[in-house]
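Asks: The structure follows.
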Amino acid sequence: MQISKLNHIDIINTAKDILFGVAVGDALGVPVEFKSRQTISTNPITDMIGYGTYHLPAGTWSDDSSLTFCLAEALTHEFNLNTIGQNFVKWTHENYWTPHGNVFDIGIATRQAISKLARGERPELAGGFDVSSNGNGSLMRISPLLFYLLDKSINERYEITKQVSSITHGHIRSVIACFYYLEFARQLFERKDKFEIYKNLQLEITDHLTSLSINQTEIALFDRLLNSDIHNLDEDQIHSSGYVLHTIEASIWCLLTTDNYKDAVLKAVNLGEDTDTTGAVTGGLAGILYGLENIPSKWITQIARKDDIENLAERLAKNIIIP
């Protein structure tokens with residue numbers, strides 16, 4: 001399916017695929033967040049469970065989904081960086097778009113950026129620009145931006161992605177990870193084969209980043225995605241910490257080494273450490289690839305605020321201009 005042939009039903013369905021894809025992957029990982037791969041391997045996650053790390057009921061999603069929904073909510077209106085940033089502030093200070101009325105998890109860099117936003121900092125300058133500010137906090141929430149980028153050129157897509165990432169994470173490494181992720185999502189949306197997309201992006205992403213004169217050292221950090229066959233690596237060569245490069249690599253590896261939504265997100269969560277984010281980021285892509293109908297219905301039923309998420313997806317779709 002080419003983007004030019006999309007209709008409104010396609011947009012609504014894909015919005016649900018993404019939002020529930022993220023939320024389910026996130027909720028699967030919440031109970032075992034911070035546990036090592038070795039620890040989880042003694043009792044692997046095979047289903048949606050509750051309690052664990054935060055002692056919260058099954059189906060509870062974390063900051064990954066909250067900030068994804070905050071971005072999606074902002075995109076139900078005219079695109080505005082201030083609206084996005086202020087939604088993040090509302091989440092932190094007013095429990096906006098939380099699963100049960102309270103914030104229970106927030107990354108250090110994200111917290112610092114939101115504090116700046118609350119004090120009136122311009123959103124595109126709020127995120128950290130130093131090399132230590134490369135957690136996965138912008139990658140985990142970026143997926144809804146796909147819809148706003150549908151009718152944009154690659155130059156516009158990159159620049160807008162950079163702005164939205166920089167609300168919490170402004171370093172070029174985080175920007176590249178978000179850009180790669182959204183370009184992968186875009187081609188999944190066009191119904192291209194996932195391995196074809198992987199090869200396409202090796203040329204397209206590399207060419208575009210080079211055309212922008214981005215530091216070659218930064219581009220080289222993405223070598224396993226842009227120059228290798230990451231799906232041929234063994235699990236012990238895949239990392240799953242909160243570092244943005246680890247998260248983008250792990251999500252693509254999980255997507256390419258499985259053939260359905262359930263296996264992709266369970267594989268992501270069972271990698272250990274930053275389980276909710278690896279699950280959420282993998283789940284966003286797997287949701288597009290396999291569709292809502294292939295996410296186990298029992299898991300969707302368990303998701304906190306299921307009806308609100310469905311309503312958000314419908315409102316998001318209504319605001320999209322179909323190319």
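Chain identifiers are assigned as A, B, and so on, following the order in which chains appear in the structure tokens; residues are numbered from 1 within each chain, and ligands are numbered from 1 in order of appearance.
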Any idea what's packed within 7 Å of range 141-147 of chain A, counting only C-alpha atoms, ignoring anything in its chain fewer than 6 positions away? Could you give it as number ranges by chain?
Replies: A: 64-65, 67-68, 71-72, 178, 182, 186, 284, 320
Asks: Take the residues from that selection and put them in a file with N, CA and C atoms, as an mmCIF file, in the first residue's frame.
Replies:
data_model
loop_
_atom_site.group_PDB
_atom_site.id
_atom_site.type_symbol
_atom_site.label_atom_id
_atom_site.label_comp_id
_atom_site.auth_asym_id
_atom_site.auth_seq_id
_atom_site.Cartn_x
_atom_site.Cartn_y
_atom_site.Cartn_z
ATOM 1 N N ASP A 64 6.504 5.404 29.223
ATOM 2 C CA ASP A 64 6.641 5.216 27.779
ATOM 3 C C ASP A 64 5.319 5.494 27.071
ATOM 4 N N SER A 65 4.272 4.838 27.542
ATOM 5 C CA SER A 65 2.953 5.014 26.925
ATOM 6 C C SER A 65 2.353 6.364 27.287
ATOM 7 N N LEU A 67 3.772 9.256 27.748
ATOM 8 C CA LEU A 67 4.318 10.318 26.912
ATOM 9 C C LEU A 67 3.968 10.108 25.441
ATOM 10 N N THR A 68 3.817 8.855 25.031
ATOM 11 C CA THR A 68 3.305 8.569 23.691
ATOM 12 C C THR A 68 1.903 9.135 23.535
ATOM 13 N N LEU A 71 1.909 12.951 23.354
ATOM 14 C CA LEU A 71 2.248 13.412 22.006
ATOM 15 C C LEU A 71 1.067 13.216 21.065
ATOM 16 N N ALA A 72 0.444 12.049 21.118
ATOM 17 C CA ALA A 72 -0.714 11.794 20.261
ATOM 18 C C ALA A 72 -1.832 12.789 20.533
ATOM 19 N N CYS A 178 15.480 8.271 16.669
ATOM 20 C CA CYS A 178 14.065 8.573 16.422
ATOM 21 C C CYS A 178 13.774 8.632 14.920
ATOM 22 N N LEU A 182 11.152 6.171 12.909
ATOM 23 C CA LEU A 182 9.993 6.682 12.175
ATOM 24 C C LEU A 182 10.071 6.354 10.688
ATOM 25 N N ARG A 186 7.319 4.262 8.789
ATOM 26 C CA ARG A 186 6.705 4.795 7.569
ATOM 27 C C ARG A 186 6.638 3.719 6.481
ATOM 28 N N GLY A 284 5.472 -0.825 19.118
ATOM 29 C CA GLY A 284 4.972 0.163 18.163
ATOM 30 C C GLY A 284 5.141 -0.294 16.730
ATOM 31 N N ILE A 320 -5.630 13.917 10.802
ATOM 32 C CA ILE A 320 -4.585 13.672 9.833
ATOM 33 C C ILE A 320 -5.058 14.072 8.442
#
Asks: Give me, as a VMD selection string, all polymer residues having an atom no more than 7 Å from range 230-232 of chain A, counting only C-alpha atoms and skipping those fewer than 5 positions away in the same chain.
Replies: chain A and resid 224 to 225 253 256 to 257
Asks: Which is closest to Pro31 in chain A among A:Thr168, A:Thr275, A:Ser133, A:Gln187, if we use only C-alpha atoms?
Replies: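 So, comparing all the options, the nearest one is A:Thr275.
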Asks: Which residues of range 96-203 of chain A come within 12 Å of range 51-57 of chain A, and what is each one's closest atom pair and distance in Å (one decimal), counting only C-alpha atoms, sorted by chain and residue number, as JSON lines?
Replies:
{"residue": "A:Pro99", "atom": "CA", "partner": "A:Leu56", "partner_atom": "CA", "distance": 10.2}
{"residue": "A:His100", "atom": "CA", "partner": "A:Leu56", "partner_atom": "CA", "distance": 9.3}
{"residue": "A:Asn102", "atom": "CA", "partner": "A:Leu56", "partner_atom": "CA", "distance": 11.4}
{"residue": "A:Val103", "atom": "CA", "partner": "A:Tyr54", "partner_atom": "CA", "distance": 11.3}
{"residue": "A:Phe104", "atom": "CA", "partner": "A:Tyr54", "partner_atom": "CA", "distance": 7.9}
{"residue": "A:Asp105", "atom": "CA", "partner": "A:Tyr54", "partner_atom": "CA", "distance": 9.1}
Asks: Could you save the residues just selected, with N, CA and C atoms, as a PDB file, in the first residue's frame?
Replies:
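Final output, saved to out.pdb:
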ATOM      1  N   PRO A  99      -1.998   5.824  33.829  1.00  0.00           N
ATOM      2  CA  PRO A  99      -2.933   4.696  33.826  1.00  0.00           C
ATOM      3  C   PRO A  99      -3.859   4.661  35.032  1.00  0.00           C
ATOM      4  N   HIS A 100      -3.342   5.080  36.193  1.00  0.00           N
ATOM      5  CA  HIS A 100      -4.139   4.976  37.423  1.00  0.00           C
ATOM      6  C   HIS A 100      -4.109   6.252  38.257  1.00  0.00           C
ATOM      7  N   ASN A 102      -1.466   8.413  38.769  1.00  0.00           N
ATOM      8  CA  ASN A 102      -0.210   8.850  39.370  1.00  0.00           C
ATOM      9  C   ASN A 102       0.968   8.472  38.473  1.00  0.00           C
ATOM     10  N   VAL A 103       2.013   9.286  38.536  1.00  0.00           N
ATOM     11  CA  VAL A 103       3.246   9.025  37.796  1.00  0.00           C
ATOM     12  C   VAL A 103       4.140   8.167  38.680  1.00  0.00           C
ATOM     13  N   PHE A 104       4.535   6.994  38.190  1.00  0.00           N
ATOM     14  CA  PHE A 104       5.356   6.112  39.022  1.00  0.00           C
ATOM     15  C   PHE A 104       6.735   5.852  38.426  1.00  0.00           C
ATOM     16  N   ASP A 105       7.007   6.387  37.245  1.00  0.00           N
ATOM     17  CA  ASP A 105       8.296   6.137  36.606  1.00  0.00           C
ATOM     18  C   ASP A 105       8.605   7.298  35.667  1.00  0.00           C
TER      19      ASP A 105
END
Asks: Residues within 8 Å of range 18-21 of chain A, please, as an NGL selection string. Count only C-alpha atoms; anything in the same chain fewer than 6 positions from it doesn't count.
Replies: :A and (65 or 68-69 or 143-144 or 280 or 283-288 or 292 or 295 or 300 or 309 or 313)
